[in-house]
$ cat entry.pdb   # PDB, C-alpha atoms
ATOM      1  CA  GLY A   1     -47.188  30.779-108.132  1.00  0.00           C
ATOM      2  CA  GLU A   2     -45.948  27.981-105.935  1.00  0.00           C
ATOM      3  CA  GLY A   3     -42.626  27.599-107.775  1.00  0.00           C
ATOM      4  CA  ARG A   4     -41.795  31.253-107.237  1.00  0.00           C
ATOM      5  CA  ASN A   5     -42.683  30.973-103.539  1.00  0.00           C
ATOM      6  CA  ASN A   6     -40.431  27.912-103.116  1.00  0.00           C
ATOM      7  CA  SER A   7     -37.607  29.712-104.921  1.00  0.00           C
ATOM      8  CA  ALA A   8     -37.966  32.794-102.680  1.00  0.00           C
ATOM      9  CA  SER A   9     -38.086  30.569 -99.589  1.00  0.00           C
ATOM     10  CA  GLU A  10     -34.893  28.743-100.640  1.00  0.00           C
ATOM     11  CA  GLN A  11     -33.134  32.057-101.261  1.00  0.00           C
ATOM     12  CA  ILE A  12     -34.047  33.295 -97.769  1.00  0.00           C
ATOM     13  CA  GLN A  13     -32.902  30.006 -96.226  1.00  0.00           C
ATOM     14  CA  ASN A  14     -29.527  30.317 -97.988  1.00  0.00           C
ATOM     15  CA  GLU A  15     -29.093  33.903 -96.796  1.00  0.00           C
ATOM     16  CA  ILE A  16     -29.697  33.033 -93.145  1.00  0.00           C
ATOM     17  CA  ARG A  17     -28.032  29.611 -93.161  1.00  0.00           C
ATOM     18  CA  ASP A  18     -25.091  30.708 -90.951  1.00  0.00           C
ATOM     19  CA  THR A  19     -27.148  32.695 -88.459  1.00  0.00           C
ATOM     20  CA  ILE A  20     -28.763  31.680 -85.197  1.00  0.00           C
ATOM     21  CA  ARG A  21     -32.429  32.151 -84.407  1.00  0.00           C
ATOM     22  CA  LEU A  22     -33.760  31.579 -80.898  1.00  0.00           C
ATOM     23  CA  PHE A  23     -37.542  31.418 -80.961  1.00  0.00           C
ATOM     24  CA  PRO A  24     -39.415  32.555 -77.828  1.00  0.00           C
ATOM     25  CA  HIS A  25     -41.878  29.668 -78.064  1.00  0.00           C
ATOM     26  CA  ARG A  26     -38.988  27.144 -77.949  1.00  0.00           C
ATOM     27  CA  ILE A  27     -36.806  28.660 -75.209  1.00  0.00           C
ATOM     28  CA  ARG A  28     -37.337  30.487 -71.945  1.00  0.00           C
ATOM     29  CA  GLY A  29     -37.097  34.220 -72.425  1.00  0.00           C
ATOM     30  CA  GLU A  30     -37.205  36.540 -75.386  1.00  0.00           C
ATOM     31  CA  GLY A  31     -36.432  35.614 -78.969  1.00  0.00           C
ATOM     32  CA  HIS A  32     -33.024  36.478 -80.432  1.00  0.00           C
ATOM     33  CA  PHE A  33     -31.329  36.628 -83.810  1.00  0.00           C
ATOM     34  CA  VAL A  34     -27.542  36.350 -84.078  1.00  0.00           C
ATOM     35  CA  ALA A  35     -25.379  37.039 -87.113  1.00  0.00           C
ATOM     36  CA  VAL A  36     -21.797  38.097 -87.798  1.00  0.00           C
ATOM     37  CA  LEU A  37     -21.428  40.824 -90.412  1.00  0.00           C
ATOM     38  CA  GLU A  38     -18.248  40.988 -92.478  1.00  0.00           C
ATOM     39  CA  LYS A  39     -17.164  44.073 -94.360  1.00  0.00           C
ATOM     40  CA  GLU A  40     -16.015  43.412 -97.892  1.00  0.00           C
ATOM     41  CA  GLY A  41     -12.659  44.739 -99.059  1.00  0.00           C
ATOM     42  CA  VAL A  42      -8.980  44.364 -98.297  1.00  0.00           C
ATOM     43  CA  VAL A  43      -7.154  45.002 -95.027  1.00  0.00           C
ATOM     44  CA  SER A  44      -5.149  48.224 -94.863  1.00  0.00           C
ATOM     45  CA  GLU A  45      -1.365  48.006 -94.582  1.00  0.00           C
ATOM     46  CA  ASN A  46      -1.616  50.158 -91.457  1.00  0.00           C
ATOM     47  CA  TYR A  47      -3.926  47.663 -89.730  1.00  0.00           C
ATOM     48  CA  ARG A  48      -2.691  47.061 -86.163  1.00  0.00           C
ATOM     49  CA  GLY A  49      -5.191  44.521 -84.877  1.00  0.00           C
ATOM     50  CA  TYR A  50      -8.639  44.817 -83.390  1.00  0.00           C
ATOM     51  CA  CYS A  51      -7.502  46.931 -80.458  1.00  0.00           C
ATOM     52  CA  SER A  52      -5.494  50.090 -81.020  1.00  0.00           C
ATOM     53  CA  GLY A  53      -4.485  50.139 -77.333  1.00  0.00           C
ATOM     54  CA  GLY A  54      -2.796  46.760 -77.578  1.00  0.00           C
ATOM     55  CA  ILE A  55      -2.901  44.004 -74.982  1.00  0.00           C
ATOM     56  CA  GLN A  56      -3.724  44.861 -71.361  1.00  0.00           C
ATOM     57  CA  LYS A  57      -0.549  45.322 -69.308  1.00  0.00           C
ATOM     58  CA  THR A  58      -0.354  43.139 -66.208  1.00  0.00           C
ATOM     59  CA  ILE A  59       1.483  43.419 -62.895  1.00  0.00           C
ATOM     60  CA  THR A  60       5.157  42.587 -63.109  1.00  0.00           C
ATOM     61  CA  GLY A  61       8.218  42.908 -60.896  1.00  0.00           C
ATOM     62  CA  ASN A  62       8.270  42.717 -57.113  1.00  0.00           C
ATOM     63  CA  GLU A  63       4.581  43.569 -56.686  1.00  0.00           C
ATOM     64  CA  GLY A  64       3.551  40.707 -58.968  1.00  0.00           C
ATOM     65  CA  LYS A  65       5.868  38.292 -57.137  1.00  0.00           C
ATOM     66  CA  GLU A  66       4.445  39.353 -53.774  1.00  0.00           C
ATOM     67  CA  PHE A  67       0.858  38.693 -54.895  1.00  0.00           C
ATOM     68  CA  GLU A  68       1.935  35.326 -56.302  1.00  0.00           C
ATOM     69  CA  ARG A  69       3.554  34.467 -52.968  1.00  0.00           C
ATOM     70  CA  GLU A  70       0.414  35.402 -51.029  1.00  0.00           C
ATOM     71  CA  LEU A  71      -1.805  33.397 -53.362  1.00  0.00           C
ATOM     72  CA  SER A  72       0.549  30.414 -53.000  1.00  0.00           C
ATOM     73  CA  GLU A  73      -0.229  30.418 -49.251  1.00  0.00           C
ATOM     74  CA  ILE A  74      -3.918  29.886 -50.077  1.00  0.00           C
ATOM     75  CA  LEU A  75      -3.928  27.925 -53.348  1.00  0.00           C
ATOM     76  CA  SER A  76      -2.224  24.645 -54.184  1.00  0.00           C
ATOM     77  CA  ILE A  77      -2.259  25.531 -57.895  1.00  0.00           C
ATOM     78  CA  LYS A  78      -0.310  28.266 -59.654  1.00  0.00           C
ATOM     79  CA  LEU A  79      -2.421  30.826 -61.482  1.00  0.00           C
ATOM     80  CA  PRO A  80      -1.267  32.310 -64.811  1.00  0.00           C
ATOM     81  CA  GLN A  81       0.811  35.491 -64.449  1.00  0.00           C
ATOM     82  CA  ARG A  82      -1.924  37.766 -65.802  1.00  0.00           C
ATOM     83  CA  MET A  83      -2.895  39.883 -62.805  1.00  0.00           C
ATOM     84  CA  ILE A  84      -3.952  43.519 -62.842  1.00  0.00           C
ATOM     85  CA  ARG A  85      -4.691  45.839 -59.956  1.00  0.00           C
ATOM     86  CA  PHE A  86      -7.578  48.315 -59.765  1.00  0.00           C
ATOM     87  CA  GLY A  87      -7.032  50.340 -56.625  1.00  0.00           C
ATOM     88  CA  GLU A  88      -7.165  47.777 -53.831  1.00  0.00           C
ATOM     89  CA  GLN A  89      -8.706  45.043 -56.016  1.00  0.00           C
ATOM     90  CA  LEU A  90      -6.691  42.312 -57.738  1.00  0.00           C
ATOM     91  CA  TYR A  91      -7.963  40.485 -60.850  1.00  0.00           C
ATOM     92  CA  LEU A  92      -6.842  37.650 -63.097  1.00  0.00           C
ATOM     93  CA  VAL A  93      -7.483  38.751 -66.680  1.00  0.00           C
ATOM     94  CA  PRO A  94      -8.140  36.556 -69.748  1.00  0.00           C
ATOM     95  CA  GLU A  95      -5.215  35.782 -72.016  1.00  0.00           C
ATOM     96  CA  ASP A  96      -4.526  38.448 -74.690  1.00  0.00           C
ATOM     97  CA  MET A  97      -7.223  40.726 -73.270  1.00  0.00           C
ATOM     98  CA  PRO A  98      -7.381  44.068 -75.140  1.00  0.00           C
ATOM     99  CA  SER A  99      -6.397  47.162 -73.204  1.00  0.00           C
ATOM    100  CA  ILE A 100      -9.206  48.587 -71.076  1.00  0.00           C
ATOM    101  CA  GLN A 101      -7.573  51.988 -70.679  1.00  0.00           C
ATOM    102  CA  GLY A 102     -10.233  54.690 -70.722  1.00  0.00           C
ATOM    103  CA  LEU A 103     -13.104  52.207 -70.390  1.00  0.00           C
ATOM    104  CA  HIS A 104     -15.479  51.822 -67.459  1.00  0.00           C
ATOM    105  CA  VAL A 105     -15.197  48.134 -66.586  1.00  0.00           C
ATOM    106  CA  LEU A 106     -17.006  46.537 -63.654  1.00  0.00           C
ATOM    107  CA  ARG A 107     -14.960  43.319 -63.550  1.00  0.00           C
ATOM    108  CA  PRO A 108     -12.037  42.908 -65.943  1.00  0.00           C
ATOM    109  CA  GLY A 109     -11.573  39.265 -65.003  1.00  0.00           C
ATOM    110  CA  LEU A 110     -11.726  36.851 -62.079  1.00  0.00           C
ATOM    111  CA  HIS A 111     -11.690  38.809 -58.809  1.00  0.00           C
ATOM    112  CA  LEU A 112      -8.767  37.336 -56.848  1.00  0.00           C
ATOM    113  CA  GLY A 113      -8.920  39.468 -53.743  1.00  0.00           C
ATOM    114  CA  THR A 114      -8.757  42.765 -51.892  1.00  0.00           C
ATOM    115  CA  ILE A 115      -5.531  44.259 -50.590  1.00  0.00           C
ATOM    116  CA  LYS A 116      -6.061  45.128 -46.918  1.00  0.00           C
ATOM    117  CA  LYS A 117      -3.225  46.342 -44.679  1.00  0.00           C
ATOM    118  CA  ASN A 118      -0.677  45.105 -47.231  1.00  0.00           C
ATOM    119  CA  ARG A 119      -2.197  41.606 -47.149  1.00  0.00           C
ATOM    120  CA  LEU A 120      -4.363  39.910 -49.757  1.00  0.00           C
ATOM    121  CA  GLU A 121      -7.822  38.858 -48.606  1.00  0.00           C
ATOM    122  CA  PRO A 122      -9.188  36.294 -51.090  1.00  0.00           C
ATOM    123  CA  ALA A 123     -12.368  37.233 -52.963  1.00  0.00           C
ATOM    124  CA  HIS A 124     -15.655  35.366 -52.823  1.00  0.00           C
ATOM    125  CA  ALA A 125     -15.502  34.945 -56.619  1.00  0.00           C
ATOM    126  CA  LEU A 126     -12.179  33.119 -56.236  1.00  0.00           C
ATOM    127  CA  ALA A 127     -13.722  30.735 -53.708  1.00  0.00           C
ATOM    128  CA  LEU A 128     -16.539  29.861 -56.099  1.00  0.00           C
ATOM    129  CA  ALA A 129     -14.013  29.264 -58.893  1.00  0.00           C
ATOM    130  CA  MET A 130     -11.873  26.878 -56.814  1.00  0.00           C
ATOM    131  CA  LYS A 131     -12.240  23.193 -56.030  1.00  0.00           C
ATOM    132  CA  LYS A 132     -11.104  21.410 -52.882  1.00  0.00           C
ATOM    133  CA  LYS A 133      -7.971  19.999 -54.548  1.00  0.00           C
ATOM    134  CA  GLN A 134      -6.918  23.481 -55.758  1.00  0.00           C
ATOM    135  CA  VAL A 135      -6.514  25.020 -52.287  1.00  0.00           C
ATOM    136  CA  LYS A 136      -4.121  24.351 -49.401  1.00  0.00           C
ATOM    137  CA  HIS A 137      -6.887  24.029 -46.809  1.00  0.00           C
ATOM    138  CA  SER A 138     -10.584  23.239 -47.008  1.00  0.00           C
ATOM    139  CA  PHE A 139     -13.343  22.547 -44.519  1.00  0.00           C
ATOM    140  CA  ASP A 140     -16.417  20.578 -45.551  1.00  0.00           C
ATOM    141  CA  LEU A 141     -19.788  21.166 -43.930  1.00  0.00           C
ATOM    142  CA  LYS A 142     -22.794  18.885 -44.172  1.00  0.00           C
ATOM    143  CA  SER A 143     -25.814  20.372 -45.915  1.00  0.00           C
ATOM    144  CA  GLU A 144     -28.065  19.289 -43.048  1.00  0.00           C
ATOM    145  CA  GLY A 145     -25.726  20.228 -40.180  1.00  0.00           C
ATOM    146  CA  PRO A 146     -25.951  23.203 -37.793  1.00  0.00           C
ATOM    147  CA  GLU A 147     -22.562  24.601 -38.909  1.00  0.00           C
ATOM    148  CA  ILE A 148     -23.787  25.457 -42.411  1.00  0.00           C
ATOM    149  CA  ARG A 149     -26.673  27.483 -40.992  1.00  0.00           C
ATOM    150  CA  ALA A 150     -24.216  29.302 -38.764  1.00  0.00           C
ATOM    151  CA  TYR A 151     -21.846  29.958 -41.663  1.00  0.00           C
ATOM    152  CA  LEU A 152     -24.538  31.226 -44.047  1.00  0.00           C
ATOM    153  CA  SER A 153     -25.827  33.605 -41.385  1.00  0.00           C
ATOM    154  CA  GLY A 154     -22.341  35.063 -40.795  1.00  0.00           C
ATOM    155  CA  GLN A 155     -21.459  33.282 -37.557  1.00  0.00           C
ATOM    156  CA  THR A 156     -18.184  31.618 -36.592  1.00  0.00           C
ATOM    157  CA  PHE A 157     -17.964  27.923 -35.746  1.00  0.00           C
ATOM    158  CA  PRO A 158     -15.438  25.713 -33.933  1.00  0.00           C
ATOM    159  CA  ALA A 159     -12.835  23.949 -36.096  1.00  0.00           C
ATOM    160  CA  GLU A 160      -9.463  22.260 -35.714  1.00  0.00           C
ATOM    161  CA  GLY A 161      -6.498  22.520 -38.054  1.00  0.00           C
ATOM    162  CA  GLU A 162      -3.619  24.654 -39.235  1.00  0.00           C
ATOM    163  CA  LYS A 163      -4.312  28.378 -39.047  1.00  0.00           C
ATOM    164  CA  GLY A 164      -4.961  30.269 -42.268  1.00  0.00           C
ATOM    165  CA  TRP A 165      -7.494  30.603 -45.092  1.00  0.00           C
ATOM    166  CA  TYR A 166      -9.909  27.704 -45.702  1.00  0.00           C
ATOM    167  CA  LEU A 167     -12.191  27.070 -48.636  1.00  0.00           C
ATOM    168  CA  ILE A 168     -15.549  26.271 -47.060  1.00  0.00           C
ATOM    169  CA  THR A 169     -17.440  23.582 -48.946  1.00  0.00           C
ATOM    170  CA  VAL A 170     -20.858  22.002 -48.517  1.00  0.00           C
ATOM    171  CA  ASP A 171     -20.994  18.340 -49.463  1.00  0.00           C
ATOM    172  CA  GLY A 172     -17.916  19.085 -51.610  1.00  0.00           C
ATOM    173  CA  TYR A 173     -19.241  22.241 -53.317  1.00  0.00           C
ATOM    174  CA  SER A 174     -17.382  25.527 -52.733  1.00  0.00           C
ATOM    175  CA  ILE A 175     -19.372  28.310 -51.073  1.00  0.00           C
ATOM    176  CA  GLY A 176     -16.895  30.775 -49.566  1.00  0.00           C
ATOM    177  CA  TRP A 177     -13.885  31.452 -47.349  1.00  0.00           C
ATOM    178  CA  GLY A 178     -13.182  31.063 -43.687  1.00  0.00           C
ATOM    179  CA  LYS A 179     -10.059  31.924 -41.693  1.00  0.00           C
ATOM    180  CA  LEU A 180      -9.044  29.562 -38.930  1.00  0.00           C
ATOM    181  CA  ALA A 181      -7.346  30.941 -35.822  1.00  0.00           C
ATOM    182  CA  GLY A 182      -7.448  29.633 -32.265  1.00  0.00           C
ATOM    183  CA  ALA A 183      -9.836  26.722 -33.022  1.00  0.00           C
ATOM    184  CA  VAL A 184     -12.429  29.182 -34.369  1.00  0.00           C
ATOM    185  CA  MET A 185     -13.340  29.479 -38.062  1.00  0.00           C
ATOM    186  CA  LYS A 186     -13.875  33.171 -38.694  1.00  0.00           C
ATOM    187  CA  ASN A 187     -16.580  33.874 -41.213  1.00  0.00           C
ATOM    188  CA  HIS A 188     -15.770  35.566 -44.542  1.00  0.00           C
ATOM    189  CA  TYR A 189     -19.059  34.831 -46.299  1.00  0.00           C
ATOM    190  CA  PRO A 190     -20.174  38.123 -47.978  1.00  0.00           C
ATOM    191  CA  LYS A 191     -22.499  40.168 -45.774  1.00  0.00           C
ATOM    192  CA  GLY A 192     -24.890  40.808 -48.644  1.00  0.00           C
ATOM    193  CA  LEU A 193     -25.469  37.065 -49.101  1.00  0.00           C
ATOM    194  CA  ARG A 194     -25.964  36.141 -45.456  1.00  0.00           C
ATOM    195  CA  LYS A 195     -29.250  34.545 -44.370  1.00  0.00           C
ATOM    196  CA  ASN A 196     -31.439  35.604 -41.501  1.00  0.00           C
ATOM    197  CA  TRP A 197     -33.056  32.341 -40.447  1.00  0.00           C
ATOM    198  CA  ASN A 198     -35.452  34.158 -38.085  1.00  0.00           C
ATOM    199  CA  GLN A 199     -37.285  35.946 -40.919  1.00  0.00           C
TER     200      GLN A 199
END
$ encode --input "entry.pdb" --output "structure tokens"
Amino acid sequence: GEGRNNSASEQIQNEIRDTIRLFPHRIRGEGHFVAVLEKEGVVSENYRGYCSGGIQKTITGNEGKEFERELSEILSIKLPQRMIRFGEQLYLVPEDMPSIQGLHVLRPGLHLGTIKKNRLEPAHALALAMKKKQVKHSFDLKSEGPEIRAYLSGQTFPAEGEKGWYLITVDGYSIGWGKLAGAVMKNHYPKGLRKNWNQ
């Protein structure tokens, strides 16, 4: 009776000891069960790793050096030399990333920027990944000031400083890019995120 039930319960507990159970009544969202399955046996002598395509090849040579130079004009830190190019888009990929040849990948890593007219325009994702001390220039807006409303709605605003790309921050938090020229901060906040305060 009860002894058998306890024994069965202990056996089940032992079998699921190294798994993860997320109960819907204890977390927000659906319930989940997580386990890693291992195949028994020995590894073949012909085993070449978990990815037959090898490690993703990154940009090298003069093109890689040119992108590094352009990024050095914007950033005060040096990024790892693990960049790949998809058309006009430049990404920083994770270390030892498996080859993505033949796969449909939306974002293979951190989006660094878009190549426009042979110049690199920094990506919004890069802005959100950076802190004030990691860029050459930054411009801080107050969360209650009129400039932040202008910026979030896609408008320019007056600013003084050296021309070039600026990380726009709000009370120290990164929110996007601006480009300063002629005492005007040009807006590079993504159009799809802009606010219409009149609605």
$ residues_near_point --input "entry.pdb" --point "(-13.0, 26.9, -42.4)" --cutoff "10 Å" --atoms "all atoms listed in the file" --output "PyMOL selection string"
chain A and resi 137-141+151+156-161+163-169+176-181+183-188
$ resolve_selection --input "entry.pdb" --expression "the PyMOL selection byres ((chain A and resi 64-72) around 10)" --output "PDB file with C-alpha atoms, in the coordinates of the input"
ATOM      1  CA  THR A  58      -0.354  43.139 -66.208  1.00  0.00           C
ATOM      2  CA  ILE A  59       1.483  43.419 -62.895  1.00  0.00           C
ATOM      3  CA  THR A  60       5.157  42.587 -63.109  1.00  0.00           C
ATOM      4  CA  GLY A  61       8.218  42.908 -60.896  1.00  0.00           C
ATOM      5  CA  ASN A  62       8.270  42.717 -57.113  1.00  0.00           C
ATOM      6  CA  GLU A  63       4.581  43.569 -56.686  1.00  0.00           C
ATOM      7  CA  GLU A  73      -0.229  30.418 -49.251  1.00  0.00           C
ATOM      8  CA  ILE A  74      -3.918  29.886 -50.077  1.00  0.00           C
ATOM      9  CA  LEU A  75      -3.928  27.925 -53.348  1.00  0.00           C
ATOM     10  CA  SER A  76      -2.224  24.645 -54.184  1.00  0.00           C
ATOM     11  CA  ILE A  77      -2.259  25.531 -57.895  1.00  0.00           C
ATOM     12  CA  LYS A  78      -0.310  28.266 -59.654  1.00  0.00           C
ATOM     13  CA  LEU A  79      -2.421  30.826 -61.482  1.00  0.00           C
ATOM     14  CA  PRO A  80      -1.267  32.310 -64.811  1.00  0.00           C
ATOM     15  CA  GLN A  81       0.811  35.491 -64.449  1.00  0.00           C
ATOM     16  CA  ARG A  82      -1.924  37.766 -65.802  1.00  0.00           C
ATOM     17  CA  MET A  83      -2.895  39.883 -62.805  1.00  0.00           C
ATOM     18  CA  ILE A  84      -3.952  43.519 -62.842  1.00  0.00           C
ATOM     19  CA  ARG A  85      -4.691  45.839 -59.956  1.00  0.00           C
ATOM     20  CA  LEU A  90      -6.691  42.312 -57.738  1.00  0.00           C
ATOM     21  CA  LEU A 112      -8.767  37.336 -56.848  1.00  0.00           C
ATOM     22  CA  GLY A 113      -8.920  39.468 -53.743  1.00  0.00           C
ATOM     23  CA  ILE A 115      -5.531  44.259 -50.590  1.00  0.00           C
ATOM     24  CA  ARG A 119      -2.197  41.606 -47.149  1.00  0.00           C
ATOM     25  CA  LEU A 120      -4.363  39.910 -49.757  1.00  0.00           C
ATOM     26  CA  GLU A 121      -7.822  38.858 -48.606  1.00  0.00           C
ATOM     27  CA  PRO A 122      -9.188  36.294 -51.090  1.00  0.00           C
ATOM     28  CA  VAL A 135      -6.514  25.020 -52.287  1.00  0.00           C
ATOM     29  CA  LYS A 136      -4.121  24.351 -49.401  1.00  0.00           C
TER      30      LYS A 136
END
$ atom_distance --input "entry.pdb" --atom1 "atom CA of Thr114 of chain A" --atom2 "atom CA of Tyr91 of chain A"
9.3 Å
$ atom_distance --input "entry.pdb" --atom1 "atom CA of Leu152 of chain A" --atom2 "atom CA of Phe86 of chain A"
28.8 Å
$ atom_distance --input "entry.pdb" --atom1 "atom CA of Gln11 of chain A" --atom2 "atom CA of Gly41 of chain A"
24.2 Å
$ decode --input "entry.pdb" --residues "segment 67-88 of chain A" --atoms "N, CA, C and O atoms" --output "CSV table (one decimal), in the first residue's frame"
chain,number,residue,atom,x,y,z
A,67,PHE,N,36.2,48.4,-41.3
A,67,PHE,CA,35.1,48.4,-40.4
A,67,PHE,C,35.5,48.7,-39.0
A,67,PHE,O,34.9,49.4,-38.2
A,68,GLU,N,36.7,48.1,-38.6
A,68,GLU,CA,37.2,48.4,-37.3
A,68,GLU,C,37.6,49.9,-37.1
A,68,GLU,O,37.4,50.5,-36.1
A,69,ARG,N,38.2,50.5,-38.2
A,69,ARG,CA,38.5,51.9,-38.2
A,69,ARG,C,37.3,52.7,-38.0
A,69,ARG,O,37.3,53.7,-37.2
A,70,GLU,N,36.2,52.4,-38.8
A,70,GLU,CA,35.0,53.2,-38.7
A,70,GLU,C,34.3,53.1,-37.3
A,70,GLU,O,33.8,54.1,-36.7
A,71,LEU,N,34.3,51.9,-36.7
A,71,LEU,CA,33.8,51.7,-35.4
A,71,LEU,C,34.6,52.4,-34.3
A,71,LEU,O,34.1,52.9,-33.3
A,72,SER,N,35.9,52.5,-34.6
A,72,SER,CA,36.8,53.2,-33.6
A,72,SER,C,36.5,54.7,-33.6
A,72,SER,O,36.9,55.4,-32.6
A,73,GLU,N,35.9,55.3,-34.6
A,73,GLU,CA,35.5,56.7,-34.6
A,73,GLU,C,34.3,56.9,-33.8
A,73,GLU,O,34.0,58.0,-33.4
A,74,ILE,N,33.5,55.9,-33.5
A,74,ILE,CA,32.3,56.0,-32.7
A,74,ILE,C,32.5,55.4,-31.3
A,74,ILE,O,32.0,56.0,-30.3
A,75,LEU,N,33.2,54.3,-31.2
A,75,LEU,CA,33.3,53.6,-29.9
A,75,LEU,C,34.7,54.0,-29.2
A,75,LEU,O,35.7,54.1,-30.0
A,76,SER,N,34.7,54.0,-27.9
A,76,SER,CA,36.0,54.2,-27.2
A,76,SER,C,36.6,52.8,-26.8
A,76,SER,O,37.6,52.7,-26.2
A,77,ILE,N,35.8,51.7,-27.0
A,77,ILE,CA,36.3,50.4,-26.7
A,77,ILE,C,36.5,49.7,-28.1
A,77,ILE,O,36.0,50.0,-29.1
A,78,LYS,N,37.3,48.6,-28.0
A,78,LYS,CA,37.6,47.8,-29.2
A,78,LYS,C,36.8,46.5,-29.1
A,78,LYS,O,36.9,45.8,-28.1
A,79,LEU,N,36.0,46.3,-30.1
A,79,LEU,CA,35.2,45.1,-30.2
A,79,LEU,C,36.0,43.9,-30.6
A,79,LEU,O,37.0,44.1,-31.3
A,80,PRO,N,35.7,42.7,-30.2
A,80,PRO,CA,36.4,41.5,-30.7
A,80,PRO,C,36.3,41.4,-32.2
A,80,PRO,O,35.3,41.9,-32.8
A,81,GLN,N,37.3,40.8,-32.8
A,81,GLN,CA,37.4,40.7,-34.3
A,81,GLN,C,36.6,39.5,-34.8
A,81,GLN,O,37.1,38.6,-35.3
A,82,ARG,N,35.3,39.6,-34.6
A,82,ARG,CA,34.4,38.5,-35.0
A,82,ARG,C,33.2,39.1,-35.7
A,82,ARG,O,32.0,38.9,-35.4
A,83,MET,N,33.5,39.8,-36.8
A,83,MET,CA,32.4,40.5,-37.6
A,83,MET,C,32.1,39.7,-38.8
A,83,MET,O,33.0,39.1,-39.5
A,84,ILE,N,30.8,39.6,-39.2
A,84,ILE,CA,30.4,39.1,-40.4
A,84,ILE,C,29.4,40.1,-41.1
A,84,ILE,O,28.8,40.9,-40.5
A,85,ARG,N,29.4,39.9,-42.4
A,85,ARG,CA,28.6,40.8,-43.2
A,85,ARG,C,27.5,40.1,-44.0
A,85,ARG,O,27.8,39.1,-44.6
A,86,PHE,N,26.2,40.5,-43.8
A,86,PHE,CA,25.1,40.0,-44.6
A,86,PHE,C,24.6,41.1,-45.5
A,86,PHE,O,23.9,42.0,-45.0
A,87,GLY,N,25.0,41.1,-46.7
A,87,GLY,CA,24.6,42.2,-47.6
A,87,GLY,C,25.2,43.5,-47.1
A,87,GLY,O,26.4,43.6,-47.0
A,88,GLU,N,24.3,44.4,-46.7
A,88,GLU,CA,24.7,45.7,-46.2
A,88,GLU,C,24.7,45.8,-44.7
A,88,GLU,O,24.9,46.8,-44.2
